[in-house]
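**Q** Can you read through this structure? Questions will come right after.
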Amino acid sequence: MSDTAIVITVAYAVAVVIGSVVSFAIYASTRGRGVDDVDTPGHARRETAWLIVMIVALFALLMATIFFVPYGETAGAGKQIVRVVGVQYAWAQVEPSDVVVDRPVEFWLESEGINGEPAVNHGLGVYDPDGTLLFQAQVIPGQVQKVVHTFTEPGTYEILCLEYCGAKHHEMRSFFEVRGQ
Ligand SMILES: [Cu+2]
């Protein structure tokens, strides 16, 4: 089992336990009570307190994690830059078409319109020589999307389009080489 699968399984199990406990607590607290017995002002105060707790907790979670999102990331010094341009229907440019292992690669992704066709959304999907998807990123007209990846194995890697972009979407197939140091 991969680390990701373990994390997801544990998180899901914890969520199920918490959900069950909360559901049971709600059920138990309402059993055998009439409408007139409900302490409405008390509930309103608790609801407000809970709202404040949730806002503070979610804001703390946002601040603790937002700086770790992979998009817009720069690969730092010694990086290799590969410019990729998606058109209907090809990866018109993948330059340079070879990189070396163990040094971060910063992909600069752009979408362009050619031959009177509009620039449209594409999805860059990079596959290793065994055909396993390594990562993906949206390619969006009018902006340069950046995504960083460090390759560890030499070989021929494949780029496919993962966003349906029109009739010949399936023809968007390109390759690049990852060389040893
Ligand atoms: Cu496509």
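Residues in the structure tokens are numbered from 1 in each chain, the chains being A, B, ... in the order shown, and ligands are numbered from 1 in the order shown.
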Write as a PDB file with all heavy atoms, in the first residue's frame the residues around ligand 1, taking 7 Å as the cut-off and counting only C-alpha atoms and all ligand atoms.
**A**
```pdb
ATOM      1  N   HIS A 122      -6.030  23.139 -22.384  1.00  0.00           N
ATOM      2  CA  HIS A 122      -5.504  21.784 -22.552  1.00  0.00           C
ATOM      3  C   HIS A 122      -5.095  21.284 -21.166  1.00  0.00           C
ATOM      4  O   HIS A 122      -4.971  22.068 -20.223  1.00  0.00           O
ATOM      5  CB  HIS A 122      -4.274  21.770 -23.460  1.00  0.00           C
ATOM      6  CG  HIS A 122      -4.524  22.253 -24.856  1.00  0.00           C
ATOM      7  ND1 HIS A 122      -5.168  21.490 -25.796  1.00  0.00           N
ATOM      8  CD2 HIS A 122      -4.239  23.435 -25.453  1.00  0.00           C
ATOM      9  CE1 HIS A 122      -5.261  22.180 -26.922  1.00  0.00           C
ATOM     10  NE2 HIS A 122      -4.699  23.370 -26.743  1.00  0.00           N
ATOM     11  N   GLY A 123      -4.870  19.984 -21.090  1.00  0.00           N
ATOM     12  CA  GLY A 123      -4.372  19.425 -19.832  1.00  0.00           C
ATOM     13  C   GLY A 123      -3.060  18.717 -20.112  1.00  0.00           C
ATOM     14  O   GLY A 123      -3.010  17.762 -20.886  1.00  0.00           O
ATOM     15  N   CYS A 161      -2.609  14.988 -23.699  1.00  0.00           N
ATOM     16  CA  CYS A 161      -3.548  16.033 -23.294  1.00  0.00           C
ATOM     17  C   CYS A 161      -4.661  15.387 -22.468  1.00  0.00           C
ATOM     18  O   CYS A 161      -5.279  14.420 -22.905  1.00  0.00           O
ATOM     19  CB  CYS A 161      -4.129  16.743 -24.503  1.00  0.00           C
ATOM     20  SG  CYS A 161      -5.243  18.091 -24.042  1.00  0.00           S
ATOM     21  N   LEU A 162      -4.889  15.909 -21.271  1.00  0.00           N
ATOM     22  CA  LEU A 162      -5.896  15.327 -20.372  1.00  0.00           C
ATOM     23  C   LEU A 162      -7.157  16.180 -20.265  1.00  0.00           C
ATOM     24  O   LEU A 162      -8.003  15.936 -19.413  1.00  0.00           O
ATOM     25  CB  LEU A 162      -5.293  15.130 -18.977  1.00  0.00           C
ATOM     26  CG  LEU A 162      -4.083  14.195 -18.902  1.00  0.00           C
ATOM     27  CD1 LEU A 162      -3.642  14.008 -17.467  1.00  0.00           C
ATOM     28  CD2 LEU A 162      -4.389  12.852 -19.541  1.00  0.00           C
ATOM     29  N   GLU A 163      -7.245  17.200 -21.125  1.00  0.00           N
ATOM     30  CA  GLU A 163      -8.450  18.042 -21.116  1.00  0.00           C
ATOM     31  C   GLU A 163      -9.018  17.968 -22.520  1.00  0.00           C
ATOM     32  O   GLU A 163      -8.334  18.344 -23.477  1.00  0.00           O
ATOM     33  CB  GLU A 163      -8.072  19.483 -20.753  1.00  0.00           C
ATOM     34  CG  GLU A 163      -9.182  20.491 -20.899  1.00  0.00           C
ATOM     35  CD  GLU A 163     -10.048  20.576 -19.648  1.00  0.00           C
ATOM     36  OE1 GLU A 163      -9.511  20.448 -18.535  1.00  0.00           O
ATOM     37  OE2 GLU A 163     -11.270  20.772 -19.813  1.00  0.00           O
ATOM     38  N   TYR A 164     -10.263  17.489 -22.645  1.00  0.00           N
ATOM     39  CA  TYR A 164     -10.831  17.361 -23.987  1.00  0.00           C
ATOM     40  C   TYR A 164     -10.911  18.728 -24.655  1.00  0.00           C
ATOM     41  O   TYR A 164     -11.577  19.630 -24.149  1.00  0.00           O
ATOM     42  CB  TYR A 164     -12.216  16.718 -23.923  1.00  0.00           C
ATOM     43  CG  TYR A 164     -12.782  16.517 -25.305  1.00  0.00           C
ATOM     44  CD1 TYR A 164     -12.243  15.566 -26.150  1.00  0.00           C
ATOM     45  CD2 TYR A 164     -13.822  17.317 -25.778  1.00  0.00           C
ATOM     46  CE1 TYR A 164     -12.717  15.395 -27.434  1.00  0.00           C
ATOM     47  CE2 TYR A 164     -14.306  17.158 -27.061  1.00  0.00           C
ATOM     48  CZ  TYR A 164     -13.759  16.199 -27.888  1.00  0.00           C
ATOM     49  OH  TYR A 164     -14.229  16.053 -29.162  1.00  0.00           O
ATOM     50  N   CYS A 165     -10.180  18.869 -25.783  1.00  0.00           N
ATOM     51  CA  CYS A 165     -10.034  20.202 -26.379  1.00  0.00           C
ATOM     52  C   CYS A 165     -10.581  20.270 -27.785  1.00  0.00           C
ATOM     53  O   CYS A 165     -10.439  21.274 -28.460  1.00  0.00           O
ATOM     54  CB  CYS A 165      -8.559  20.601 -26.351  1.00  0.00           C
ATOM     55  SG  CYS A 165      -7.496  19.409 -27.169  1.00  0.00           S
ATOM     56  N   GLY A 166     -11.216  19.195 -28.257  1.00  0.00           N
ATOM     57  CA  GLY A 166     -11.790  19.219 -29.590  1.00  0.00           C
ATOM     58  C   GLY A 166     -11.619  17.881 -30.295  1.00  0.00           C
ATOM     59  O   GLY A 166     -11.146  16.907 -29.715  1.00  0.00           O
ATOM     60  N   HIS A 169      -8.288  15.884 -30.229  1.00  0.00           N
ATOM     61  CA  HIS A 169      -7.664  15.913 -28.906  1.00  0.00           C
ATOM     62  C   HIS A 169      -6.682  14.756 -28.708  1.00  0.00           C
ATOM     63  O   HIS A 169      -5.592  14.914 -28.156  1.00  0.00           O
ATOM     64  CB  HIS A 169      -8.808  15.873 -27.879  1.00  0.00           C
ATOM     65  CG  HIS A 169      -8.457  15.417 -26.527  1.00  0.00           C
ATOM     66  ND1 HIS A 169      -7.676  16.166 -25.676  1.00  0.00           N
ATOM     67  CD2 HIS A 169      -8.782  14.288 -25.854  1.00  0.00           C
ATOM     68  CE1 HIS A 169      -7.548  15.508 -24.536  1.00  0.00           C
ATOM     69  NE2 HIS A 169      -8.197  14.379 -24.623  1.00  0.00           N
ATOM     70  N   HIS A 170      -7.077  13.565 -29.207  1.00  0.00           N
ATOM     71  CA  HIS A 170      -6.254  12.365 -29.016  1.00  0.00           C
ATOM     72  C   HIS A 170      -4.930  12.425 -29.776  1.00  0.00           C
ATOM     73  O   HIS A 170      -4.043  11.609 -29.545  1.00  0.00           O
ATOM     74  CB  HIS A 170      -7.039  11.126 -29.447  1.00  0.00           C
ATOM     75  CG  HIS A 170      -7.486  11.202 -30.876  1.00  0.00           C
ATOM     76  ND1 HIS A 170      -8.613  11.908 -31.256  1.00  0.00           N
ATOM     77  CD2 HIS A 170      -6.942  10.711 -32.015  1.00  0.00           C
ATOM     78  CE1 HIS A 170      -8.746  11.819 -32.570  1.00  0.00           C
ATOM     79  NE2 HIS A 170      -7.745  11.111 -33.058  1.00  0.00           N
ATOM     80  N   MET A 172      -2.857  14.807 -29.563  1.00  0.00           N
ATOM     81  CA  MET A 172      -1.898  15.617 -28.783  1.00  0.00           C
ATOM     82  C   MET A 172      -0.993  14.699 -27.980  1.00  0.00           C
ATOM     83  O   MET A 172      -1.273  14.341 -26.843  1.00  0.00           O
ATOM     84  CB  MET A 172      -2.629  16.596 -27.863  1.00  0.00           C
ATOM     85  CG  MET A 172      -3.385  17.650 -28.651  1.00  0.00           C
ATOM     86  SD  MET A 172      -4.068  18.943 -27.626  1.00  0.00           S
ATOM     87  CE  MET A 172      -2.611  19.724 -26.955  1.00  0.00           C
TER      88      MET A 172
END
```
**Q** Pick out the residues sitting within 12 Å of Thr74 in chain A, and hand them over as a VMD selection string; count only C-alpha atoms, and ignore anything fewer than 2 positions along from it in its own chain.
**A** chain A and resid 68 to 72 76 to 81 104 to 108 145 to 149
**Q** Include C-alpha atoms and write out the residues we just selected as a PDB file, in the first residue's frame.
**A**
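Okay, this is what ended up in selection-v1.pdb:
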```
ATOM      1  CA  PHE A  68       2.657  24.588   0.149  1.00  0.00           C
ATOM      2  CA  VAL A  69       0.443  24.427  -2.952  1.00  0.00           C
ATOM      3  CA  PRO A  70       2.556  23.274  -5.922  1.00  0.00           C
ATOM      4  CA  TYR A  71       1.274  25.780  -8.484  1.00  0.00           C
ATOM      5  CA  GLY A  72       3.206  28.905  -9.328  1.00  0.00           C
ATOM      6  CA  GLY A  76      15.026  27.701  -7.608  1.00  0.00           C
ATOM      7  CA  ALA A  77      18.674  27.903  -8.663  1.00  0.00           C
ATOM      8  CA  GLY A  78      20.030  25.343 -11.134  1.00  0.00           C
ATOM      9  CA  LYS A  79      16.616  24.668 -12.579  1.00  0.00           C
ATOM     10  CA  GLN A  80      15.902  23.562 -16.117  1.00  0.00           C
ATOM     11  CA  ILE A  81      13.119  25.374 -17.949  1.00  0.00           C
ATOM     12  CA  PRO A 104      14.237  20.398 -10.918  1.00  0.00           C
ATOM     13  CA  VAL A 105      12.433  21.074 -14.191  1.00  0.00           C
ATOM     14  CA  GLU A 106      10.137  24.066 -14.345  1.00  0.00           C
ATOM     15  CA  PHE A 107       7.559  23.595 -17.090  1.00  0.00           C
ATOM     16  CA  TRP A 108       6.159  26.820 -18.551  1.00  0.00           C
ATOM     17  CA  GLN A 145       1.081  28.113 -15.940  1.00  0.00           C
ATOM     18  CA  LYS A 146       4.136  26.757 -14.146  1.00  0.00           C
ATOM     19  CA  VAL A 147       4.608  23.322 -12.659  1.00  0.00           C
ATOM     20  CA  VAL A 148       7.791  21.868 -11.195  1.00  0.00           C
ATOM     21  CA  HIS A 149       8.936  18.263 -11.301  1.00  0.00           C
TER      22      HIS A 149
END
```
**Q** Compare A:Gly32, A:Ala13, A:Gly180, A:Val139 by their minimum atom-to-atom distance to Trp91 in chain A, counting only C-alpha atoms, and give me the closest one.
**A** A:Val139
**Q** Please run DSSP on the backbone and report, as a VMD selection string, all residues within chain A that come out as helix (DSSP H, G or I).
**A** chain A and resid 3 to 30 35 to 37 40 to 68 169 to 171
**Q** Go ahead and compute the interatomic distance for CA of Gln181 in chain A and CA of Pro154 in chain A, in Å to one decimal.
**A**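 Straight-line distance from CA of Gln181 in chain A to CA of Pro154 in chain A works out to 9.1 Å.
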**Q** Which residues in range 30-155 of chain A does DSSP call strand (DSSP E or B)? List them as a VMD selection string.
**A** chain A and resid 80 to 87 90 to 95 98 to 100 105 to 111 122 to 127 133 to 139 145 to 149 155
**Q** Which value, in Å to one decimal, gives the distance between CA of Phe135 in chain A and CA of Phe151 in chain A?
**A**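 Value for the CA of Phe135 in chain A-CA of Phe151 in chain A distance: 11.2 Å.
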**Q** For Thr152 in chain A, work out the shell of residues within 8 Å, counting only C-alpha atoms and skipping chain neighbours fewer than 2 positions away, then give it as an MDAnalysis selection string.
**A** chainID A and resid 101:102 150 154
**Q** Which residues are close to Glu177 in chain A, i.e. within 7 Å by only C-alpha atoms, leaving aside same-chain residues fewer than 6 positions away? Reply as a list of chain:residue names.
**A**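 Within the cut-off, the hits are A:Ser97, A:Asp98, A:Val99, A:Gly155, A:Thr156, A:Tyr157.
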**Q** Could you save the residues just selected, with N, CA and C atoms, as an mmCIF file, in the first residue's frame?
**A**
```cif
data_model
loop_
_atom_site.group_PDB
_atom_site.id
_atom_site.type_symbol
_atom_site.label_atom_id
_atom_site.label_comp_id
_atom_site.auth_asym_id
_atom_site.auth_seq_id
_atom_site.Cartn_x
_atom_site.Cartn_y
_atom_site.Cartn_z
ATOM 1 N N SER A 97 13.836 19.626 -25.671
ATOM 2 C CA SER A 97 13.145 18.342 -25.607
ATOM 3 C C SER A 97 13.957 17.306 -24.838
ATOM 4 N N ASP A 98 15.024 17.766 -24.170
ATOM 5 C CA ASP A 98 15.717 16.847 -23.264
ATOM 6 C C ASP A 98 16.191 17.582 -22.009
ATOM 7 N N VAL A 99 16.102 16.884 -20.890
ATOM 8 C CA VAL A 99 16.508 17.432 -19.592
ATOM 9 C C VAL A 99 17.343 16.368 -18.888
ATOM 10 N N GLY A 155 15.069 8.239 -19.437
ATOM 11 C CA GLY A 155 14.153 7.518 -20.327
ATOM 12 C C GLY A 155 13.375 8.468 -21.203
ATOM 13 N N THR A 156 12.476 7.876 -21.992
ATOM 14 C CA THR A 156 11.613 8.656 -22.872
ATOM 15 C C THR A 156 10.268 8.849 -22.185
ATOM 16 N N TYR A 157 9.934 10.092 -21.939
ATOM 17 C CA TYR A 157 8.683 10.437 -21.242
ATOM 18 C C TYR A 157 7.681 10.962 -22.250
#
```
